[in-house]
Each structure stands twice: as structure tokens, then as C-alpha cells.
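Visitor: My questions will all concern the structure given below.
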Amino acid sequence: MKDRYGLKISTSSAAARDAYVEGIDRMLAADAGVEACLSTAIGADPGFALPHAAMARHHQLYVRPAEARSSAETAVRLSAGATARERQHVEIVRLLVAGKVAQALDLIRQHISEHPRDAFALSPACGVFGAIGFSGRIGREAELLALLEPLATHYGDDWWFATVHAFALIETGGWDRGRELAERSLQQRPTNPHGAHTLVHALFEAGDDDDAVDFLDGWLPSSDRASVLHCHIWWHYALALLAVERGDAAWQAFSNNCLPGTTTSPPITVFSDSSSFMWRTELAGNPRNRDTWESVREFYEKNFPQPIVFVDAHVGLLYAALGETEQLQTTISLLTELGEAGRLPAGTTGAELARAYAAFVDEKWSAVIDVLEPLIPQVIRIGGSRAQRDLMTNTLLAAYVRSGRIDEARAFCARVVDRRPTRPVAGFELC
């Protein structure tokens with residue numbers, strides 16, 4: 001028995017093999033129905049280790065740590081009699097579930113050198129929320145591209161590899177080539193959310209907001225709300241609508257698909273996209289919706305009892321918007337302490353961002369500029385994409401505008417911003 005990438009798998013059940021392959025493809029595509037496929041594979045062959053490993057990773061993505069650990073432990077136990085490749089594959093997942101991300105990444109590099117077409121083992125290293133994306137390293141974008149480029153010959157025209165390769169290219173400035181690969185992926189699997197998401201990033205980087213709206217107008221109606229990317233692709237759509245000055249449509253798209261209670265997407269996506277979009281609408285000149293901020297606060301405090309990379313970069317928005325000064329200062333102190341102790345991949349970046357947001361709501365524009373301008377080159381450490389990190393750039397531009405320093409804002413864009421996305425900041429013309 002072999003998987004879709006031609007790798008031997010330790011099961012004698014064709015039904016288990018087929019359900020496993022379908023489940024992995026759904027995970028790689030960000031399609032819905034992953035859990036059902038993996039459960040079918042496990043039911044068809046209870047001794048087959050790989051579906052349990054995939055289930056562990058699926059639980060981890062949805063922040064179900066107990067279930068993730070249980071599935072990973074089962075996979076390790078069942079893999080004892082499997083191939084060396086499968087045992088190593090399972091060990092990668094075990095390390096990820098245990099929070100040993102650096103060790104997992106080291107093992108992924110070793111594993112891929114031996115088994116370059118083990119796509120599922122490679123996938124946790126990919127993307128802006130992957131082991132490299134959340135490493136806290138400033139050079140992480142180039143690092144990911146360097147990992148993927150030599151593998152292109154092994155994957156050929158594979159639709160999944162095209163999406164991750166395209167995304168790595170886009171994040172390092174190669175959005176024209178990235179767009180071609182994303183479109184190629186969608187030609188093979190038109191409903192593929194990862195492909196659609198990657199294409200939208202290419203359009204954003206090129207400043208093609210109208211094209212992004214047109215594409216998503218056609219793609220979203222048939223998309224599955226249960227996709228892991230449901231919230232995030234609608235977030236992109238709302239941002240594109242905001243950029244083309246369709247504010248009412250943007251808010252409707254966002255509020256119906258991104259806010260807590262409207263989507264089953266992972267909590268990290270729901271929180272970061274909700275807080276980010278609401279802050280951006282205010283930068284664009286729209287009034288603050290306190291009730292909505294309150295609902296996001298409840299969601300955050302329920303789902304994130306401990307600091308976590310990328311979330312840390314957004315929590316300051318939440319307490320600043322609600323005027324929760326004491327909670328904001330407590331958050332800044334905690335993130336500073338943990339960052340200085342080396343316990344956060346991004347160091348004190350989250351704390352500095354929270355300070356900037358606190359100064360922004362207090363209308364201390366010079367303080368915002370003093371914190372954010374030197375911090376912008378470091379913001380890559382928080383994780384996330386260039387599109388997501390534009391939140392910080394737009395906040396800086398808004399502070400320039402509100403302090404009457406528009407010429408400095410334009411000079412900053414000319415000096416630092418190396419691409420053409422639009423910037424919906426009230427009082428500021430497009431860069």
C-alpha cells in the first residue's frame with residue numbers, strides 16, 4: 001500500500017488507505033471533513049498508526065491539547081512495527097504536540113532529506129503559522145523559501161506543494177511567480193482553500209484589490225464554512241472591500257464570518273482576525289464598535305489563558321480599544337517579563353506593540369511613532385504574513401497623519417514599504 005506521494009504505508013486495508021489519503025489531502029488543502037476521513041481510516045484498520053498521527057495534528061490545530069496528546073501517544077505505540085519512515089513521521093507529530101517545536105523542525109529537516117515527498121511531515125514547517133513561521137527569527141521568510149526551493153523537483157506539478165512554494169515566494173517578494181503557482185494549484189483543485197488563500201495574498205502584494213474582490217466574489221459562495229481557513233479568507237475579502245471603499249459590505253462580510261460564534265475556524269485565527277480587522281476599520285475612519293470588542297475580549301480570555309506567539313501581538317489592541325488601562329499594563333508587564341526571560345519566540349515585540357497601541361488610544365502620536373518606527377523591521381518575529389503585519393504599518397501611518405506629519409509618512413513608505421498594497425488610513429493617500 002502507498003499514499004498519494006508514492007510512500008509505503010503500513011496497512012493491508014484498501015479502505016483505510018483510501019480514507020487516510022483523502023484525510024491528508026483535505027488537511028493539506030484546508031478542506032473540511034478531515035476528522036471524518038481519519039476516523040474512517042482508523043475504523044478500517046485500528047492498528048494503522050498514521051491516521052492517529054494526523055488526527056493528533058488536527059486536534060492541535062483546533063487547540064484540543066488533551067486529544068492531541070492522546071492521538072499522538074496512540075500513533076507512537078502503533079508505529080513500533082511500521083517502517084522507519086513512518087516511525088520518524090510519527091515522532092515529528094509527537095514533538096509538535098508536546099510543544100517541542102525546535103526539535104520537531106530539526107527532525108523535519110532530517111526527515112525531508114531522506115523522504116522529500118513526505119508532504120504531511122513537511123507541512124508543519126510551512127506557512128506563516130508553521131515551525132519556521134513561529135520561530136521568532138527575523139530571517140524566517142527566506143529560511144522557509146530555502147527549505148522549499150530544492151524540493152520543487154521532487155513534487156513536480158503537485159497542487160499542494162504549489163501552494164506552499166507560492167506562499168513562500170510571495171512573502172519574499174516574488175508575488176508574480178507565486179501567483180502563477182497559486183493559479184496552477186487552483187486549476188488542479190479549484191475548491192482548494194489554501195490555493196485560494198495564496199492567490200489572494202499574491203493579489204494583495206501587487207495592490208490588485210479589485211482583482212481580489214472579483215476573485216473572491218466568484219470563489220467564496222461555494223466555499224465550505226467548516227474549512228479551517230473559512231474565517232481567514234473572509235477576513236481577506238473584508239480587507240479587500242475596505243480597500244476599495246466598500247465599507248458596509250466589508251463589515252457585513254467580516255461580522256458574518258469572522259467574529260466569535262460565526263465560524264468554527266481555530267481560535268488563533270478568530271481572535272487575531274477579529275481584533276485586527278476592527279482596529280483597521282478604525283484606522284480607516286470608522287467609529288469604534290465597543291460591543292463587538294467586548295465579545296472578542298470574552299473569546300480571548302476563554303481561549304488563551306497563557307501568552308502565545310502572534311496572539312501576543314494582538315492582545316494590546318483589545319485592551320487599548322476597550323480602555324482597560326490596568327489590564328493593558330498588566331499584559332505589557334507580563335509580556336515584557338517573559339520576553340526578557342527568553343520564554344517568547346518574539347522576545348519583547350508583543351509588549352512593545354501593546355505599548356504603541358496604548359499610546360495610540362491616548363492620542364500620544366509622537367510616542368506611537370517613537371515605538372513603532374524602529375520596531376517595524378522586528379515585527380516579522382511575531383509570525384503571520386506581510387498582509388497581517390500591515391496592521392502595525394497602518395497604525396504608524398495613522399499616527400503620522402494625526403500628528404500632521406504626512407510628509408514623514410510618505411517618506412516612510414518610500415523607504416521601508418517594498419510593495420504596492422493599498423493602505424486604508426483616514427487622511428492618507430495611497431502609497
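Residue numbering restarts at 1 for every chain of the C-alpha cells, chains are lettered A, B, ... in their displayed order, and ligands are numbered from 1 as they appear.
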I want to know what sits within 10 Å of Ser123 in chain A, based on only C-alpha atoms, with residues of the same chain fewer than 3 positions away left out; could you give that as a list in words?

Guide: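 Result of the neighbour search: Met27, Leu28, Ile108, Asp118, Ala119, Phe120, Cys126, Gly127, Gly130, Ala131, Trp160, Phe161 and Val164 of chain A.
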
Visitor: Using only C-alpha atoms, which protein or nucleic acid residues come within 9 Å of Asn303 in chain A? Drop anything in the same chain fewer than 2 positions from it, and give the result as a count of residues only.

Guide: 9

Visitor: I need the residues of range 48-105 of chain A that end up classed as helix (DSSP H, G or I) by DSSP on the backbone, written out as a ChimeraX atom specification.

Guide: /A:49-61,65-81,84-97,101-105

Visitor: Pick out the closest residue to His201 in chain A from this set: A:Thr163, A:Thr325, A:Ser222, A:Gln88. Count only C-alpha atoms.

Guide: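 Counting only C-alpha atoms, the residue closest to His201 in chain A is A:Thr163.
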
Visitor: With distances taken over only C-alpha atoms, which residue among A:Pro51, A:Gly43, A:Pro377, A:Pro345 lies nearest Gly23 in chain A?

Guide: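 Smallest separation from Gly23 in chain A among the options: A:Pro51.
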
Visitor: Compare A:Glu73, A:Asp3, A:Asp106, A:Glu429 by their minimum atom-to-atom distance to Val21 in chain A, counting only C-alpha atoms, and give me the closest one.

Guide: A:Asp3
